[in-house]
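Peer 1: Got a structure for you, written out below as structure tokens; questions coming shortly.
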Amino acid sequence: MKTPKEKILYYSFFLFQIHTLFLHTSSASNNNNNNNYNNKKVPAIIVFGDSSVDSGNNNFIPTIAKSNFEPYGRDFPSGNPTGRFSNGKIAPDFISEAFGLRPTVPAYLDPSYTISDFANGVCFASAGTGFDNATSNVAGVIPLWKEVEYYKEYQKKLRAHVGNEKANEILKEALYLVSIGTNDFLENYYTFPQRRCQFKQVQEYEDFLIGLAENFLKEIYHLGARKISLTGLPPMGCLPLERAINIMEYHGCVEEYNNVALEFNGKLGWLVSKLNKELPGFQLVDANAYDIILEIVLRLHKWDAVEQGDLR
């Protein structure tokens, strides 16, 4: 039987495994292309996305989407909330540490850090955002286009700090982590009628988001990004809030949302293949974590049932 803390460690461990698995996949692909990137040290972790990877940027903008209060951060090294939507570290932190970089990836908007801190890791992510600009408007968070603007600003600071040649090497060899998309559906499409009026079928909205994702990935490619891990949607119908309000189905997972996630992830996989063929030197990895996260959710549910003496 797992204690709550052991459950948290189990979840964090699998998140770490998810990303490292696809990093090894990327390295193998690089070998096939004779690029030998796997023999080079990753100099930096650069992060775009939403609450799944936000290390505290929302602490420094006027939004209600914050996690700067307890019990967030209770298992962080300091024991204090950091703006991460987690009990402790998040996946980019574990990945950074695994590559021998900082034990945590700092938030770009945190004034306690400088460009010397950001040289080997920086996070532009904002909890509550999405591919769709309308999604970021819901809670007044940082839209994805603004994350890219911060990235451009970061590049200028980095070049001033280490010089053009070194900066270009860092930007090219860095590992880029992108985790975004869930809020577009749960906080936007399924919550407000505007998008549903414009996109009558959810599949149409999926295609709209895929177009936005393609534009974003091409933009950061042209800005120098080459090695990117793109995380698809989790089984979003099993997220705690969705289960909590799913009263009619006894707080089970919302299968409609899970089916949409699977469908959207399939389209993301198609986009990954397309861009890898079109863009020279691009190493975009489809880090589809749906099945593993679903397994974690189901196991945690089983553990809860055992602890409550309600396993049937």
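So you can find residues: chains in the structure tokens are A, B, ... in the order shown, residues in each start at 1, and ligands are numbered from 1 in order.
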Applying 12 Å and only C-alpha atoms, which residues near Pro234 (chain A) remain after dropping the ones on its own chain fewer than 6 positions away? List them as number ranges by chain.

Peer 2: A: 15, 52, 179-183, 185-186, 257-265, 287-297

Peer 1: Return as a compact mmCIF listing (two decimals) with C-alpha atoms, in the first residue's frame the full set of residues in region 66-184 of chain A whose backbone-based DSSP assignment is alpha helix (DSSP H).

Peer 2:
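Resulting contents of selection_3.txt:
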```txt
# COMPACT_ATOMS: atom_id res chain seq x y z
CA ALA A 91 9.11 17.52 -14.77
CA PRO A 92 11.51 20.16 -16.24
CA ASP A 93 13.27 20.38 -12.85
CA PHE A 94 13.94 16.65 -12.79
CA ILE A 95 15.13 16.69 -16.39
CA SER A 96 17.45 19.63 -15.78
CA GLU A 97 19.00 17.91 -12.80
CA ALA A 98 19.38 14.65 -14.73
CA ILE A 115 20.73 36.02 -17.21
CA SER A 116 23.61 34.14 -15.62
CA ASP A 117 21.00 31.89 -13.95
CA PHE A 118 19.01 31.56 -17.16
CA ASN A 133 -4.98 33.33 -27.48
CA ALA A 134 -8.58 33.28 -26.24
CA THR A 135 -7.58 30.66 -23.68
CA SER A 136 -5.00 32.91 -22.03
CA ASN A 137 -7.64 35.65 -21.78
CA VAL A 138 -9.82 33.51 -19.50
CA ALA A 139 -7.56 34.01 -16.46
CA LEU A 144 1.89 31.68 -26.10
CA TRP A 145 2.90 34.47 -28.48
CA LYS A 146 4.13 36.46 -25.47
CA GLU A 147 6.14 33.48 -24.26
CA VAL A 148 7.87 33.60 -27.65
CA GLU A 149 8.50 37.33 -27.24
CA TYR A 150 10.13 36.62 -23.87
CA TYR A 151 12.24 33.99 -25.61
CA LYS A 152 13.42 36.57 -28.16
CA GLU A 153 14.27 38.95 -25.32
CA TYR A 154 16.13 36.13 -23.57
CA GLN A 155 18.18 35.50 -26.71
CA LYS A 156 19.35 39.11 -26.77
CA LYS A 157 20.32 38.98 -23.10
CA LEU A 158 22.10 35.66 -23.61
CA ARG A 159 24.14 37.00 -26.53
CA ALA A 160 25.13 40.02 -24.50
CA HIS A 161 26.12 37.74 -21.62
CA VAL A 162 28.13 35.00 -23.38
CA ASN A 164 27.03 35.45 -30.20
CA GLU A 165 28.91 32.23 -30.90
CA LYS A 166 28.35 30.69 -27.48
CA ALA A 167 24.74 31.85 -27.36
CA ASN A 168 23.99 30.32 -30.75
CA GLU A 169 25.51 27.04 -29.58
CA ILE A 170 23.39 27.04 -26.41
CA LEU A 171 20.20 27.81 -28.31
CA LYS A 172 20.87 25.13 -30.92
CA GLU A 173 21.90 22.37 -28.51
CA THR A 182 -5.33 21.05 -22.09
CA ASN A 183 -6.64 24.50 -21.14
```

Peer 1: Find the residues near region 197-214 of chain A: any atom within 9 Å, counting only C-alpha atoms, skip ones fewer than 3 places away on the same chain, and give them as a ChimeraX atom specification.

Peer 2: /A:131-132,181,184-185,189,193-194,217-219,260,263-264,267-268,271-272,275

Peer 1: Include C-alpha atoms and write out the residues we just selected as a JSON list (two decimals), in the first residue's frame.

Peer 2:
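Okay, out_0.json is ready:
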```
[["chain", "number", "residue", "atom", "x", "y", "z"],
["A", 131, "PHE", "CA", -2.28, 27.52, -28.12],
["A", 132, "ASP", "CA", -5.39, 29.69, -28.55],
["A", 181, "GLY", "CA", -3.14, 22.36, -24.92],
["A", 184, "ASP", "CA", -7.76, 25.14, -24.70],
["A", 185, "PHE", "CA", -10.38, 22.47, -24.27],
["A", 189, "TYR", "CA", -13.93, 25.33, -25.67],
["A", 193, "PRO", "CA", -19.84, 29.25, -25.91],
["A", 194, "GLN", "CA", -17.86, 31.59, -28.17],
["A", 217, "LEU", "CA", 6.91, 25.28, -33.69],
["A", 218, "LYS", "CA", 8.04, 26.77, -36.98],
["A", 219, "GLU", "CA", 8.62, 30.12, -35.31],
["A", 260, "VAL", "CA", -10.85, 14.18, -27.56],
["A", 263, "GLU", "CA", -7.87, 12.27, -31.14],
["A", 264, "PHE", "CA", -5.89, 15.47, -30.69],
["A", 267, "LYS", "CA", -3.09, 14.86, -34.94],
["A", 268, "LEU", "CA", -0.07, 16.13, -32.99],
["A", 271, "LEU", "CA", 2.27, 17.22, -37.19],
["A", 272, "VAL", "CA", 5.52, 15.99, -35.63],
["A", 275, "LEU", "CA", 7.66, 19.05, -39.51]]
```

Peer 1: I'd like the neighbourhood of Gly140 (chain A) as a list of chain:residue names, where a residue qualifies if any of its atoms comes within 12 Å (using only C-alpha atoms), though same-chain residues fewer than 4 positions away should be ignored.

Peer 2: A:Asn58, A:Ile61, A:Pro62, A:Thr63, A:Ile64, A:Ala65, A:Lys66, A:Ser126, A:Ala127, A:Gly128, A:Thr129, A:Gly130, A:Asn133, A:Ala134, A:Thr135, A:Ser136

Peer 1: Write out the residues from the selection above, keeping N, CA, C and O atoms, as a compact mmCIF listing (two decimals), in the first residue's frame.

Peer 2:
```txt
# COMPACT_ATOMS: atom_id res chain seq x y z
N ASN A 58 3.57 32.95 -13.19
CA ASN A 58 2.29 33.57 -12.85
C ASN A 58 2.31 34.32 -11.52
O ASN A 58 1.42 35.12 -11.23
N ILE A 61 2.49 38.19 -12.48
CA ILE A 61 1.51 38.84 -13.34
C ILE A 61 0.19 38.92 -12.58
O ILE A 61 -0.07 38.13 -11.67
N PRO A 62 -0.68 39.89 -12.93
CA PRO A 62 -1.97 40.02 -12.24
C PRO A 62 -2.99 38.99 -12.72
O PRO A 62 -3.70 39.21 -13.69
N THR A 63 -3.02 37.85 -12.08
CA THR A 63 -3.95 36.78 -12.45
C THR A 63 -4.37 36.02 -11.21
O THR A 63 -3.64 36.00 -10.21
N ILE A 64 -5.53 35.39 -11.28
CA ILE A 64 -5.96 34.54 -10.17
C ILE A 64 -5.35 33.14 -10.29
O ILE A 64 -5.43 32.34 -9.35
N ALA A 65 -4.75 32.85 -11.43
CA ALA A 65 -4.17 31.52 -11.67
C ALA A 65 -2.77 31.45 -11.05
O ALA A 65 -1.76 31.52 -11.74
N LYS A 66 -2.74 31.34 -9.73
CA LYS A 66 -1.48 31.28 -9.00
C LYS A 66 -1.46 30.05 -8.09
O LYS A 66 -2.51 29.54 -7.71
N SER A 126 3.28 29.59 -18.58
CA SER A 126 2.30 30.31 -17.77
C SER A 126 1.07 29.44 -17.56
O SER A 126 0.41 29.03 -18.52
N ALA A 127 0.77 29.15 -16.31
CA ALA A 127 -0.40 28.33 -15.98
C ALA A 127 -1.66 28.97 -16.53
O ALA A 127 -1.87 30.17 -16.39
N GLY A 128 -2.49 28.16 -17.17
CA GLY A 128 -3.77 28.64 -17.69
C GLY A 128 -3.74 29.04 -19.15
O GLY A 128 -4.77 29.37 -19.72
N THR A 129 -2.56 29.00 -19.77
CA THR A 129 -2.47 29.42 -21.16
C THR A 129 -2.75 28.26 -22.10
O THR A 129 -2.95 27.12 -21.69
N GLY A 130 -2.75 28.56 -23.41
CA GLY A 130 -2.99 27.54 -24.42
C GLY A 130 -2.45 27.97 -25.76
O GLY A 130 -1.84 29.03 -25.89
N ASN A 133 -5.09 32.10 -28.27
CA ASN A 133 -4.98 33.33 -27.48
C ASN A 133 -6.18 33.54 -26.58
O ASN A 133 -6.07 34.10 -25.47
N ALA A 134 -7.36 33.10 -27.04
CA ALA A 134 -8.58 33.28 -26.24
C ALA A 134 -8.49 32.50 -24.93
O ALA A 134 -9.12 32.89 -23.94
N THR A 135 -7.73 31.44 -24.91
CA THR A 135 -7.58 30.66 -23.68
C THR A 135 -6.84 31.45 -22.61
O THR A 135 -7.22 31.46 -21.44
N SER A 136 -5.78 32.12 -23.00
CA SER A 136 -5.00 32.91 -22.03
C SER A 136 -5.82 34.07 -21.48
O SER A 136 -5.57 34.53 -20.36
```

Peer 1: So how far away is CA of Gly100 (chain A) from CA of Gly121 (chain A), in Å?

Peer 2: 11.3 Å

Peer 1: CA of Ala225 (chain A) to CA of Pro143 (chain A): how many Å, to one decimal?

Peer 2: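 Value for the CA of Ala225 (chain A)-CA of Pro143 (chain A) distance: 19.3 Å.
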
Peer 1: So, with only C-alpha atoms as the atoms that count, which of A:Val122, A:Ile220, A:Ile46, A:Val53 lies closest to Ser86 (chain A)?

Peer 2: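 Checking each of A:Val122, A:Ile220, A:Ile46, A:Val53 against Ser86 (chain A), counting only C-alpha atoms, the winner is A:Val53.
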
Peer 1: Quick check for you: according to DSSP on this backbone, which residues of region 101-198 of chain A are classed as strand (DSSP E or B)? Reply as a ChimeraX atom specification.

Peer 2: /A:107,121-123,175-179

Peer 1: Within 10 Å of Ser273 (chain A), counting only C-alpha atoms, which residues show up once you throw out same-chain ones fewer than 2 positions away? Write them as a PyMOL selection string, please.

Peer 2: chain A and resi 268-271+275-278+283-286

Peer 1: Rank A:Cys123, A:Ala44, A:Leu223, A:Ile142 by their smallest atom-to-atom distance to Phe99 (chain A), using only C-alpha atoms, and report the top residue only.

Peer 2: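 Looking only at the distances to Phe99 (chain A), the closest residue turns out to be A:Ala44.
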
Peer 1: Using only C-alpha atoms, find the one residue out of A:Lys89, A:Arg299, A:Arg243, A:His222 that sits nearest to Arg74 (chain A).

Peer 2: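 The answer is A:Lys89, which sits nearest to Arg74 (chain A).
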